[in-house]
Amino acid sequence: MRDAVVVDIVRTPSGRGKPGGALSGVHPTDLLAQTLTALLERAGIDPGLVDDVIGGCVSQAGQQSMNITRSAVLAAGLPEHVPATTIDRQCGSSQQALHFAAQGVLAGAYDVAIACGVESMSRVPMFSATQGQDPYGRLLGRRYPDGLVSQGVSAELIAARWKLDRETLDEYAARSHRLAAEASAAGRFAGEIVTIPVGDGSVAADETIRPATTVEGLAGLRPAFADEAIAARFPEIDWRITPGNSSPLSDGASAALVVAADVAERLGLRPRARLHAFAVVGDDPVLMLTGVVPATRKVLERGGLTIERIDAYEVNEAFAPVPLMWAREVGADPERLNPRGGAIALGHPLGASGLRLMATMLGHLEATGGRYGLQTMCEGGGMANATIVERL
């Protein structure tokens, strides 16, 4: 059986996803195109050898519509014969793109593939695709007559049910900024970040990291999702989720080159990691963010590993309760969890986040000599992806 390997993986800096953010002046097609160009230049591979490009994007509307991955492939100057498609697995879209690319290699459908993702939340705000319309319909409403809730409310439910108080959440958020600031200052992100030209200058560092963040400062922020109707439905909620212990709206792109191991050897490419195991699950769409737990258990079983064998874990910090709940449920070592900070500090450009986490985790494994890394992401609709990689 073939092995699928990651030859290289890159990401843009994370820009604040609002007007005036560092990357808000860059069209999302251009943002992804420049990321693809940088990936191929670093790998030194003929772009014409790429069999397919699979890209993640959540808000596929406006400037991110019309199969933005294909637009970016053409904008990057790849040969016209290289196809592309855009997928939506919500926050895990680019992680799912990595799975699809690797599975295509393992199946023999591809020799060389690119997984990527992009989201410009400054130009295409969340929920742009629905534009006030009902995305659910009558039959889904019949199954869930009390209605589904926003991810922020789901985070509140997790905080309440796992008894994660406000101080614990804010302490975790401050840790994220501290670790990310330390990693950034030490140059640990340099190997994964692509510098993006903007106007007369460029962006080379994450704009979302706040080194001065303290628990005391976070304590002054007001809850972001308080609602009387929700409070009546879920009396256990006491409103602990704030902008400070949530991931910020962000702009960014990411990309990975996935190749069959034998093809990489023939082309003289040096792989950085082997894709060891994959999993994707569905879970309660009201709690929504808890799928990371069954996804982790499933991928560990498929990979023949235990959590103790994993040297680093990246669990997306959509909201602080998610990684804290996850670590408690799977018995993970807190010191191995998001060791360079997570999305609370590094941003969450939805369609690009999966490969951002993978780039950061792989860089950490290489720097520390770790062998296995596990990544998992909660996703809208109550889903989660999980991936285990082996550093080579």
# chains A, B, ... in the order shown; residues from 1 in each chain; ligands from 1

$ closest_atom_pairs --of "region 276-388 of chain A" --to "region 13-19 of chain A" --cutoff "8 Å" --atoms "only C-alpha atoms" --output "tab-separated table"
residue	atom	partner	partner_atom	distance
A:Leu346	CA	A:Ser14	CA	6.4
A:Gly347	CA	A:Ser14	CA	5.8
A:His348	CA	A:Ser14	CA	7.8
A:Pro349	CA	A:Ser14	CA	7.4

$ residues_around --residues "Val258 (chain A)" --least-positions-apart "5" --cutoff "8 Å" --atoms "only C-alpha atoms" --output "list in words"
Ala4, Val5, Val6, Val7, Asp8, Leu98, Ala101, Ala102, Val105, Val112, Ala113, Ile114 and Ala115 of chain A

$ write_last_selection --atoms "C-alpha atoms" --output "mmCIF file, in the first residue's frame"
data_model
loop_
_atom_site.group_PDB
_atom_site.id
_atom_site.type_symbol
_atom_site.label_atom_id
_atom_site.label_comp_id
_atom_site.auth_asym_id
_atom_site.auth_seq_id
_atom_site.Cartn_x
_atom_site.Cartn_y
_atom_site.Cartn_z
ATOM 1 C CA ALA A 4 0.813 9.674 1.439
ATOM 2 C CA VAL A 5 3.344 12.226 2.640
ATOM 3 C CA VAL A 6 3.354 15.955 3.235
ATOM 4 C CA VAL A 7 6.290 17.455 1.352
ATOM 5 C CA ASP A 8 5.688 20.988 2.594
ATOM 6 C CA LEU A 98 -5.953 17.357 3.376
ATOM 7 C CA ALA A 101 -5.915 14.782 -1.041
ATOM 8 C CA ALA A 102 -4.195 12.055 0.972
ATOM 9 C CA VAL A 105 -3.045 9.462 -3.183
ATOM 10 C CA VAL A 112 0.590 14.733 -6.523
ATOM 11 C CA ALA A 113 -2.147 16.857 -4.940
ATOM 12 C CA ILE A 114 -2.484 20.150 -3.124
ATOM 13 C CA ALA A 115 -4.764 20.685 -0.144
#

$ select_by_dssp --residues "region 149-319 of chain A" --states "strand (DSSP E or B)" --output "MDAnalysis selection string"
chainID A and resid 193 196:198 201:203 246 250:260 273:282 312:315 319

$ select_by_dssp --residues "region 243-277 of chain A" --states "helix (DSSP H, G or I)" --output "list in words"
Pro243, Gly244, Asn245, Ala261, Asp262, Val263, Ala264, Glu265, Arg266 and Leu267 of chain A

$ write_last_selection --atoms "C-alpha atoms" --output "PDB file, in the first residue's frame"
ATOM      1  CA  PRO A 243     -14.588  37.919  22.681  1.00  0.00           C
ATOM      2  CA  GLY A 244     -11.497  37.336  24.816  1.00  0.00           C
ATOM      3  CA  ASN A 245     -11.901  33.589  25.284  1.00  0.00           C
ATOM      4  CA  ALA A 261       5.932   8.481  -1.041  1.00  0.00           C
ATOM      5  CA  ASP A 262       7.357   6.601  -4.026  1.00  0.00           C
ATOM      6  CA  VAL A 263       6.685   9.560  -6.307  1.00  0.00           C
ATOM      7  CA  ALA A 264       8.358  11.928  -3.846  1.00  0.00           C
ATOM      8  CA  GLU A 265      11.441   9.725  -3.882  1.00  0.00           C
ATOM      9  CA  ARG A 266      11.463   9.600  -7.678  1.00  0.00           C
ATOM     10  CA  LEU A 267      11.153  13.403  -7.894  1.00  0.00           C
TER      11      LEU A 267
END

$ closest_residue --among "A:Leu269, A:Ile230, A:Ala253, A:Leu32" --to "Gly152 (chain A)" --atoms "only C-alpha atoms"
A:Ile230

$ closest_residue --among "A:Asp30, A:Gly217, A:Phe189, A:Thr208" --to "Ala75 (chain A)" --atoms "only C-alpha atoms"
A:Asp30

$ residues_around --residues "Pro339 (chain A)" --least-positions-apart "3" --cutoff "8 Å" --atoms "only C-alpha atoms" --output "mmCIF file with N, CA and C atoms, in the first residue's frame"
data_model
loop_
_atom_site.group_PDB
_atom_site.id
_atom_site.type_symbol
_atom_site.label_atom_id
_atom_site.label_comp_id
_atom_site.auth_asym_id
_atom_site.auth_seq_id
_atom_site.Cartn_x
_atom_site.Cartn_y
_atom_site.Cartn_z
ATOM 1 N N LEU A 179 1.797 31.926 24.867
ATOM 2 C CA LEU A 179 2.582 30.951 24.119
ATOM 3 C C LEU A 179 2.798 31.393 22.676
ATOM 4 N N ALA A 312 2.318 15.799 20.442
ATOM 5 C CA ALA A 312 1.720 17.138 20.450
ATOM 6 C C ALA A 312 0.314 17.026 19.902
ATOM 7 N N GLU A 335 0.314 20.024 28.851
ATOM 8 C CA GLU A 335 1.538 20.649 28.347
ATOM 9 C C GLU A 335 1.748 20.382 26.857
ATOM 10 N N ARG A 336 1.142 19.341 26.332
ATOM 11 C CA ARG A 336 1.295 19.015 24.911
ATOM 12 C C ARG A 336 0.187 19.635 24.057
ATOM 13 N N HIS A 364 6.369 22.334 15.272
ATOM 14 C CA HIS A 364 6.691 22.010 16.666
ATOM 15 C C HIS A 364 7.301 20.616 16.771
#

$ decode --residues "region 71-158 of chain A" --atoms "C-alpha atoms" --output "mmCIF file, in the first residue's frame"
data_model
loop_
_atom_site.group_PDB
_atom_site.id
_atom_site.type_symbol
_atom_site.label_atom_id
_atom_site.label_comp_id
_atom_site.auth_asym_id
_atom_site.auth_seq_id
_atom_site.Cartn_x
_atom_site.Cartn_y
_atom_site.Cartn_z
ATOM 1 C CA SER A 71 -9.754 30.847 -9.576
ATOM 2 C CA ALA A 72 -6.705 30.823 -7.298
ATOM 3 C CA VAL A 73 -5.046 28.021 -9.280
ATOM 4 C CA LEU A 74 -5.367 30.064 -12.473
ATOM 5 C CA ALA A 75 -4.340 33.284 -10.708
ATOM 6 C CA ALA A 76 -1.222 31.546 -9.413
ATOM 7 C CA GLY A 77 -0.215 30.691 -12.975
ATOM 8 C CA LEU A 78 -0.575 26.908 -12.731
ATOM 9 C CA PRO A 79 -1.177 25.199 -16.074
ATOM 10 C CA GLU A 80 -4.794 25.264 -17.199
ATOM 11 C CA HIS A 81 -4.956 21.457 -17.143
ATOM 12 C CA VAL A 82 -4.622 21.441 -13.323
ATOM 13 C CA PRO A 83 -8.178 21.137 -11.906
ATOM 14 C CA ALA A 84 -9.492 22.397 -8.575
ATOM 15 C CA THR A 85 -12.536 22.145 -6.359
ATOM 16 C CA THR A 86 -13.788 23.940 -3.255
ATOM 17 C CA ILE A 87 -15.322 22.117 -0.288
ATOM 18 C CA ASP A 88 -17.140 23.116 2.900
ATOM 19 C CA ARG A 89 -16.672 21.075 6.075
ATOM 20 C CA GLN A 90 -17.208 24.262 8.072
ATOM 21 C CA CYS A 91 -14.233 25.105 10.318
ATOM 22 C CA GLY A 92 -12.453 21.895 9.311
ATOM 23 C CA SER A 93 -12.636 22.555 5.578
ATOM 24 C CA SER A 94 -8.907 22.637 4.833
ATOM 25 C CA GLN A 95 -8.273 19.710 7.186
ATOM 26 C CA GLN A 96 -10.877 17.802 5.194
ATOM 27 C CA ALA A 97 -9.137 18.946 2.000
ATOM 28 C CA LEU A 98 -5.953 17.357 3.376
ATOM 29 C CA HIS A 99 -7.848 14.123 4.040
ATOM 30 C CA PHE A 100 -9.317 14.074 0.535
ATOM 31 C CA ALA A 101 -5.915 14.782 -1.041
ATOM 32 C CA ALA A 102 -4.195 12.055 0.972
ATOM 33 C CA GLN A 103 -7.003 9.569 0.394
ATOM 34 C CA GLY A 104 -6.754 10.246 -3.339
ATOM 35 C CA VAL A 105 -3.045 9.462 -3.183
ATOM 36 C CA LEU A 106 -3.620 6.307 -1.144
ATOM 37 C CA ALA A 107 -6.273 5.145 -3.596
ATOM 38 C CA GLY A 108 -3.980 5.691 -6.573
ATOM 39 C CA ALA A 109 -6.167 8.420 -8.057
ATOM 40 C CA TYR A 110 -3.451 11.052 -7.513
ATOM 41 C CA ASP A 111 0.327 11.052 -7.477
ATOM 42 C CA VAL A 112 0.590 14.733 -6.523
ATOM 43 C CA ALA A 113 -2.147 16.857 -4.940
ATOM 44 C CA ILE A 114 -2.484 20.150 -3.124
ATOM 45 C CA ALA A 115 -4.764 20.685 -0.144
ATOM 46 C CA CYS A 116 -5.450 24.296 0.722
ATOM 47 C CA GLY A 117 -7.932 26.745 2.200
ATOM 48 C CA VAL A 118 -8.825 30.407 2.390
ATOM 49 C CA GLU A 119 -11.154 32.747 4.242
ATOM 50 C CA SER A 120 -11.334 36.532 4.103
ATOM 51 C CA MET A 121 -13.715 37.355 6.921
ATOM 52 C CA SER A 122 -13.107 41.061 6.409
ATOM 53 C CA ARG A 123 -14.397 40.904 2.823
ATOM 54 C CA VAL A 124 -16.893 38.055 3.105
ATOM 55 C CA PRO A 125 -18.366 38.147 6.618
ATOM 56 C CA MET A 126 -19.771 35.064 8.322
ATOM 57 C CA PHE A 127 -23.265 34.083 7.167
ATOM 58 C CA SER A 128 -22.849 35.944 3.866
ATOM 59 C CA ALA A 129 -23.980 32.810 2.057
ATOM 60 C CA THR A 130 -27.350 32.734 3.822
ATOM 61 C CA GLN A 131 -28.093 36.484 3.586
ATOM 62 C CA GLY A 132 -30.885 36.200 6.144
ATOM 63 C CA GLN A 133 -32.433 33.099 4.515
ATOM 64 C CA ASP A 134 -33.409 29.900 6.324
ATOM 65 C CA PRO A 135 -30.673 27.341 5.533
ATOM 66 C CA TYR A 136 -32.414 24.461 7.360
ATOM 67 C CA GLY A 137 -35.910 23.874 5.962
ATOM 68 C CA ARG A 138 -39.008 22.188 7.328
ATOM 69 C CA LEU A 139 -37.832 18.606 7.832
ATOM 70 C CA LEU A 140 -34.759 19.509 9.844
ATOM 71 C CA GLY A 141 -36.979 21.722 11.974
ATOM 72 C CA ARG A 142 -39.231 18.738 12.589
ATOM 73 C CA ARG A 143 -36.291 16.692 13.890
ATOM 74 C CA TYR A 144 -35.084 19.525 16.134
ATOM 75 C CA PRO A 145 -38.311 21.327 17.063
ATOM 76 C CA ASP A 146 -36.638 23.453 19.737
ATOM 77 C CA GLY A 147 -34.230 24.748 17.116
ATOM 78 C CA LEU A 148 -30.468 24.648 16.655
ATOM 79 C CA VAL A 149 -28.269 27.284 18.275
ATOM 80 C CA SER A 150 -25.184 29.312 17.397
ATOM 81 C CA GLN A 151 -21.697 28.016 18.101
ATOM 82 C CA GLY A 152 -21.325 30.622 20.840
ATOM 83 C CA VAL A 153 -24.316 29.159 22.665
ATOM 84 C CA SER A 154 -22.876 25.665 22.149
ATOM 85 C CA ALA A 155 -19.653 26.870 23.778
ATOM 86 C CA GLU A 156 -21.714 28.196 26.689
ATOM 87 C CA LEU A 157 -23.396 24.809 27.058
ATOM 88 C CA ILE A 158 -20.026 23.036 27.125
#
